[in-house]
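One structure is given below, encoded as C-alpha cells.
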Amino acid sequence: MRRRLRYAETFTMCCGILVASFGALDWLDWLSGSGLLAAGSRYTATAPLAALCFFITGIAIVAAVRWNSRTARLLAAAVAVVVVFNLFLFAFGAAAWPARALSFHSSGAEHAVMSWATSLCFALAALSIWLFSANRRRWVAVAAVAASIGLVTIAVSLLGILFDVGAIYSVPFFVGHALSSALAFLVCFTGLLMLRPARSWTSILLGRGAGSMMARWLFPFTILIPVVLCYAGYRMMVDEMLPAAVVASIIAALSSLLLGASVLRSGHLVNEREVRLAEMMRKMELYAQDRDLLLREVNHRVKNNLAQVHAMLGLQARRVADPAARQELIDMKGRIEALSTLHRILLANDNPSTLCASEYFTALCERIDEELGAGQRGIRIAVDADRVPLQLDFAISAGMLLNELASRAIKRGLAATGGGTVDVRFRLVGHDGCELSVRDDGSGLERLAERGSEDDLGIKIIQAIVAQLRGSVEVSNEPGTRISIRMPVGR
Amino acid sequence: MESRFSVVIVEDDFLIMEYLRELSEDIGLNVLGTADVAEQAVTTILENRPDFVFMDLRLGGDRDGVDVAQAIQPDMPDLKIIYITGSSEPTSLARIRADHPYEVLIKPVVERDLRRAVGIPVN
C-alpha cells in the first residue's frame, strides 16, 4: 500500500506536469498566432483563457505534491479568479476580447472564452486542489467528490464526442468544450484523485486487502461494459438495424446481466475469504488450547516440584537431632510453603501478567496467618494496601519479603508477649516508588537493624531482596518495632 | 490407642507419600497402606477398610483419584476421602467436587492442615 501511495504521488505529479505543459503549449500556440491546435479544428482548439487555467492548475497540482499547500491554494484561487472573470466576459458579451487582447489571432467568439463545461471543470479542479490540502477528513472527502464530479462531466463530454460530435455541441453547456480540453481535464482529474489516495475512494483501488484486489479486477469491466454496450446500441440505432426500443431493452438486459454477474462474483470471493478466515480461526483456537494445556502442565510441574522440596525438607527435619538445626530446616520449609502460596495466588489470578497489590498482600497474609496459627495465638494481622496493579517479578520479590518480615514479627516478637497485632502496609510513594512496612508490638523485627546479624538467614534474605529491589530499610521504634522498606514499584 | 484413626495414602510421588506417611504417624494416625496407581489403590483400600483416605488427584496411569473413589463407593459409602492435590485450578477442583469430598487440601500440606482435616486437635 505504501509503495502504491508513493507511485500515486508520482503519478499525480506527472499529471500536473502534463496539464501545465499542455496549457503552456496552447498558450504559446495562441501567442504565435498561427495556432496549430486552434487552426486544426474547432473541436481541438482550447480557448486562451482555458490554456492559462490549465497552466496554473498543472503547476498547482505539482505544488500540492511537491511543495506546500499554501502555494497550491494560491494557485487554485488564481484559477477560480480566472473562472469568475470568464463568467463576467460572458455576462457582458465580451467573449471575443481575450483572444483579441492576448494574441494576434482570433478565430471566433466561441474560442475566445471558456465554455460552461470548461468553466465548471476548472471550478471543480480549483475547489478540489484547495480542499485536498485541508486537514479535516470531511473536507478531503468533499475534494474527492468534486474531482469525481469533474471526471464524470469529462467522461460525458469525451463519450459524447466519441458517439457524435455534432450532438454534443448542440447542448449549450458543452458548446466550445474542445476535445483537447476534455483530454487535459481527464488527466487533471485522474491526477487529482490520486493526490491524497489514502483519504479518498481511490484508496480502495490501491489497497492490499482482498476487497481492493477484487475491485482492481472488476473496476475496468464495470466501466468498459456500459460504454461498449451503449456505443454498440447507439450504432445500431443510427444504422437502423433494430428499433430503438429493442436496442434499449438489449442494453438494459445485458448491463443488468453483467452488473449482476460482477456483484455475484464479488459475493463469491467474499464467501471464499470468509471460509478461509473461519478455518484459520479454528486453527488458532486449537493452537491456543494446546498452549493453555502446556502452560497448565508446566504450572502443575512447578507446584509439584515445590511440594517435593517441601516434603524432603519435612522428612529431613524429622531426622535432625539438634533443635537449632531442626528449626532452621522447619523455617526453610516455611519459605517453600510461602513460595507455593505465591505461586498459587498468582495462578488463581485471571490476568497472569499483573496482580492487584491489595488482594495479593491480603491473601498472602491470610496464608501466613494460617501456616503459623497466628490467630489461634491471639495475633492479628492487619493488612492495609493500596489497590494498584503490580508486575509479576516485583510481586514475587515483595511477597517473599513480606513473608520474611511478617513471619518474623509473628514468630519471634509476639511469641513472648502472647498476643497483639501485626500491621502490614503497602503504599505508593511519589511517582514510581512504594513503601512496604510491617509493625509489630514486640521486638521481633529489631534485630534486623543490628550489625553482624549475617548469621541469621532470614535477615540475609531480607537484605538480599531489598538490595535486588533497589530499596532501603528504615527501622523505627514506635510502640513496638516498625520496619519500612522504600523501593521503586514495579507496576 | 483404641481411638486411633486409620488411613490409606494414595499418592504417585513417593517422596510426598513418605512425607505424608510420617506426618500422619506423627499426629497419631495408623497408616494401613499406600498406593500409587488406581487399581492398586482400590484393592488396598478395600482390603484395609480405613477411616480416611488421603487421595492425590493425579495418579500414574489413565485413572485419577476420583475414579478410585467412585470404584470403592458401592462397597464403602461412608469412607472419608480427603483429597490432597497439587493443583488449585478450577478444572481440577470441579473434578474433585463432583465426588463430594470430605475435605480438599492443596499441596504442600502442613501438619496443621492434616490435623484439621481429620479432626485431631493441635497439641
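Residue numbers start at 1 in each chain; chains themselves are named A, B, ... in the order of the C-alpha cells; ligands are numbered from 1 in the order shown.
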Residues near B:Glu47, cut-off 12 Å, only C-alpha atoms, skip fewer than 6 positions along chain, as a ChimeraX atom specification: /B:8,32-34,40-41,72,75-76
Could those residues be written to a file, using C-alpha atoms, as a PDB file, in the first residue's frame?
ATOM      1  CA  VAL B   8      -4.592 -45.293  53.433  1.00  0.00           C
ATOM      2  CA  LEU B  32      -2.614 -49.134  56.914  1.00  0.00           C
ATOM      3  CA  GLY B  33      -1.193 -48.974  53.411  1.00  0.00           C
ATOM      4  CA  THR B  34      -0.099 -46.867  50.470  1.00  0.00           C
ATOM      5  CA  GLN B  40      -3.640 -50.865  43.464  1.00  0.00           C
ATOM      6  CA  ALA B  41      -5.390 -48.100  45.406  1.00  0.00           C
ATOM      7  CA  ILE B  72     -14.951 -48.081  46.050  1.00  0.00           C
ATOM      8  CA  ASP B  75     -18.539 -51.080  48.977  1.00  0.00           C
ATOM      9  CA  MET B  76     -17.615 -48.302  51.388  1.00  0.00           C
TER      10      MET B  76
END
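Within 9 Å of chain A, counting only C-alpha atoms, chain B contributes Asp13, Leu15, Ile16, Met17, Glu18, Tyr19, Leu20, Glu22, Leu23, Gly86, Ser87, Ser88, Glu89, Pro90, Lys107, Pro108, Val109, Val110, Arg112 and Asp113 of chain B.
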Any chance you can output those residues with N, CA and C atoms as a PDB file, in the first residue's frame?
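Result saved to again29.pdb:
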ATOM      1  N   ASP B  13       3.649 -39.665  43.941  1.00  0.00           N
ATOM      2  CA  ASP B  13       5.006 -39.177  44.179  1.00  0.00           C
ATOM      3  C   ASP B  13       5.496 -39.780  45.503  1.00  0.00           C
ATOM      4  N   LEU B  15       8.183 -39.434  47.312  1.00  0.00           N
ATOM      5  CA  LEU B  15       8.737 -38.528  48.330  1.00  0.00           C
ATOM      6  C   LEU B  15       7.606 -37.939  49.165  1.00  0.00           C
ATOM      7  N   ILE B  16       6.598 -37.440  48.442  1.00  0.00           N
ATOM      8  CA  ILE B  16       5.479 -36.808  49.138  1.00  0.00           C
ATOM      9  C   ILE B  16       4.705 -37.863  49.921  1.00  0.00           C
ATOM     10  N   MET B  17       4.644 -39.091  49.352  1.00  0.00           N
ATOM     11  CA  MET B  17       3.945 -40.182  50.043  1.00  0.00           C
ATOM     12  C   MET B  17       4.631 -40.471  51.390  1.00  0.00           C
ATOM     13  N   GLU B  18       5.973 -40.562  51.348  1.00  0.00           N
ATOM     14  CA  GLU B  18       6.720 -40.837  52.585  1.00  0.00           C
ATOM     15  C   GLU B  18       6.507 -39.726  53.612  1.00  0.00           C
ATOM     16  N   TYR B  19       6.550 -38.494  53.108  1.00  0.00           N
ATOM     17  CA  TYR B  19       6.371 -37.346  53.987  1.00  0.00           C
ATOM     18  C   TYR B  19       4.979 -37.399  54.629  1.00  0.00           C
ATOM     19  N   LEU B  20       3.989 -37.722  53.831  1.00  0.00           N
ATOM     20  CA  LEU B  20       2.615 -37.806  54.348  1.00  0.00           C
ATOM     21  C   LEU B  20       2.500 -38.940  55.368  1.00  0.00           C
ATOM     22  N   GLU B  22       4.869 -40.115  57.339  1.00  0.00           N
ATOM     23  CA  GLU B  22       5.493 -39.722  58.616  1.00  0.00           C
ATOM     24  C   GLU B  22       4.635 -38.690  59.350  1.00  0.00           C
ATOM     25  N   LEU B  23       4.115 -37.760  58.554  1.00  0.00           N
ATOM     26  CA  LEU B  23       3.270 -36.715  59.138  1.00  0.00           C
ATOM     27  C   LEU B  23       2.025 -37.342  59.782  1.00  0.00           C
ATOM     28  N   GLY B  86      -2.081 -31.095  44.035  1.00  0.00           N
ATOM     29  CA  GLY B  86      -1.087 -30.054  43.770  1.00  0.00           C
ATOM     30  C   GLY B  86      -1.697 -28.918  42.969  1.00  0.00           C
ATOM     31  N   SER B  87      -2.844 -29.174  42.415  1.00  0.00           N
ATOM     32  CA  SER B  87      -3.422 -28.192  41.514  1.00  0.00           C
ATOM     33  C   SER B  87      -4.643 -27.538  42.134  1.00  0.00           C
ATOM     34  N   SER B  88      -4.622 -26.202  42.171  1.00  0.00           N
ATOM     35  CA  SER B  88      -5.794 -25.491  42.693  1.00  0.00           C
ATOM     36  C   SER B  88      -6.596 -24.886  41.550  1.00  0.00           C
ATOM     37  N   GLU B  89      -6.382 -25.433  40.344  1.00  0.00           N
ATOM     38  CA  GLU B  89      -7.100 -24.912  39.177  1.00  0.00           C
ATOM     39  C   GLU B  89      -8.582 -25.258  39.244  1.00  0.00           C
ATOM     40  N   PRO B  90      -9.421 -24.376  38.697  1.00  0.00           N
ATOM     41  CA  PRO B  90     -10.866 -24.614  38.721  1.00  0.00           C
ATOM     42  C   PRO B  90     -11.260 -25.978  38.144  1.00  0.00           C
ATOM     43  N   LYS B 107      -1.433 -28.963  48.093  1.00  0.00           N
ATOM     44  CA  LYS B 107      -0.009 -29.177  48.415  1.00  0.00           C
ATOM     45  C   LYS B 107       0.724 -27.844  48.402  1.00  0.00           C
ATOM     46  N   PRO B 108       1.758 -27.610  49.164  1.00  0.00           N
ATOM     47  CA  PRO B 108       2.301 -28.535  50.144  1.00  0.00           C
ATOM     48  C   PRO B 108       1.444 -28.573  51.416  1.00  0.00           C
ATOM     49  N   VAL B 109       1.323 -29.780  51.947  1.00  0.00           N
ATOM     50  CA  VAL B 109       0.463 -29.963  53.118  1.00  0.00           C
ATOM     51  C   VAL B 109       1.300 -29.833  54.391  1.00  0.00           C
ATOM     52  N   VAL B 110       0.780 -29.103  55.345  1.00  0.00           N
ATOM     53  CA  VAL B 110       1.490 -28.983  56.626  1.00  0.00           C
ATOM     54  C   VAL B 110       0.681 -29.713  57.694  1.00  0.00           C
ATOM     55  N   ARG B 112      -0.668 -28.838  60.383  1.00  0.00           N
ATOM     56  CA  ARG B 112      -1.903 -28.194  60.826  1.00  0.00           C
ATOM     57  C   ARG B 112      -3.088 -28.559  59.918  1.00  0.00           C
ATOM     58  N   ASP B 113      -2.833 -28.517  58.586  1.00  0.00           N
ATOM     59  CA  ASP B 113      -3.893 -28.855  57.621  1.00  0.00           C
ATOM     60  C   ASP B 113      -4.404 -30.269  57.864  1.00  0.00           C
TER      61      ASP B 113
END
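Proximity to B:Leu93 was assessed for B:Arg58, B:Phe14, B:Arg63, B:Glu111 counting only C-alpha atoms; the smallest distance is recorded for B:Arg58.
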Just give me the gap between atom CA of A:Leu151 and atom CA of A:Phe189 in Å, one decimal is fine. 5.8 Å
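Interatomic distance, atom CA of B:Val42 against atom CA of B:Ala71: 7.0 Å.
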Skipping near chain neighbours, those fewer than 2 positions away, what residues fall within 12 Å of B:His100 using only C-alpha atoms, listed as number ranges by chain? B: 66, 69-70, 73, 77-83, 93-98, 102-104
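Taking atom CA of A:Ser148 and atom CA of A:Leu264 as the two end points, the separation is 26.1 Å.
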All strand (DSSP E or B) residues (DSSP, backbone) inside stretch 10-43 of chain B, as a PyMOL selection string: chain B and resi 10+30-35+37
Neighbouring residues of A:Val82 were defined as those with any atom within 12 Å, considering only C-alpha atoms; residues of the same chain fewer than 2 positions away were excluded. Please report them as an MDAnalysis selection string. chainID A and resid 48:57 75:80 84:89 98 113:114 118:120 122:123 126
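The closest residue to B:Leu114, picked from B:Glu11, B:Glu39, B:Asp26, B:Asp99 and counting only C-alpha atoms, is B:Asp26.
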Would you pick out the contacts of B:Asp62 at 10 Å or less, using only C-alpha atoms, so that residues sharing its chain but fewer than 5 positions from it are not included, and give the list as a ChimeraX atom specification? /B:37-38,67
Could those residues be written to a file, using C-alpha atoms, as a short mmCIF file (atom, residue, chain, number, x, y, z; two decimals), in the first residue's frame?
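Just written: part_11.cif:
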data_model
loop_
_atom_site.label_atom_id
_atom_site.label_comp_id
_atom_site.auth_asym_id
_atom_site.auth_seq_id
_atom_site.Cartn_x
_atom_site.Cartn_y
_atom_site.Cartn_z
CA VAL B 37 -1.79 -46.28 40.88
CA ALA B 38 -5.57 -46.50 40.68
CA ASP B 67 -12.09 -42.76 39.57
#
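For A:Gly150, the non-local neighbours within 8 Å, defined as residues at least 2 positions apart in the same chain or in other chains and counting only C-alpha atoms, are Leu120, Cys121, Leu124, Ala125, Ala146, Ala147, Ser148, Val152, Thr153, Ile154 and Phe189 of chain A.
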Same residues, C-alpha atoms, saved as a JSON list (two decimals), in the first residue's frame:
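Printed below is selection.json as written:
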[["chain", "number", "residue", "atom", "x", "y", "z"],
["A", 120, "LEU", "CA", -17.40, 24.18, -14.30],
["A", 121, "CYS", "CA", -14.49, 21.76, -14.58],
["A", 124, "LEU", "CA", -14.24, 21.84, -9.54],
["A", 125, "ALA", "CA", -10.50, 21.42, -10.03],
["A", 146, "ALA", "CA", -15.56, 17.44, -6.52],
["A", 147, "ALA", "CA", -12.82, 15.71, -8.52],
["A", 148, "SER", "CA", -15.14, 12.75, -9.16],
["A", 152, "VAL", "CA", -17.85, 12.24, -14.73],
["A", 153, "THR", "CA", -18.52, 15.55, -16.58],
["A", 154, "ILE", "CA", -15.43, 14.96, -18.68],
["A", 189, "PHE", "CA", -8.92, 14.92, -12.50]]
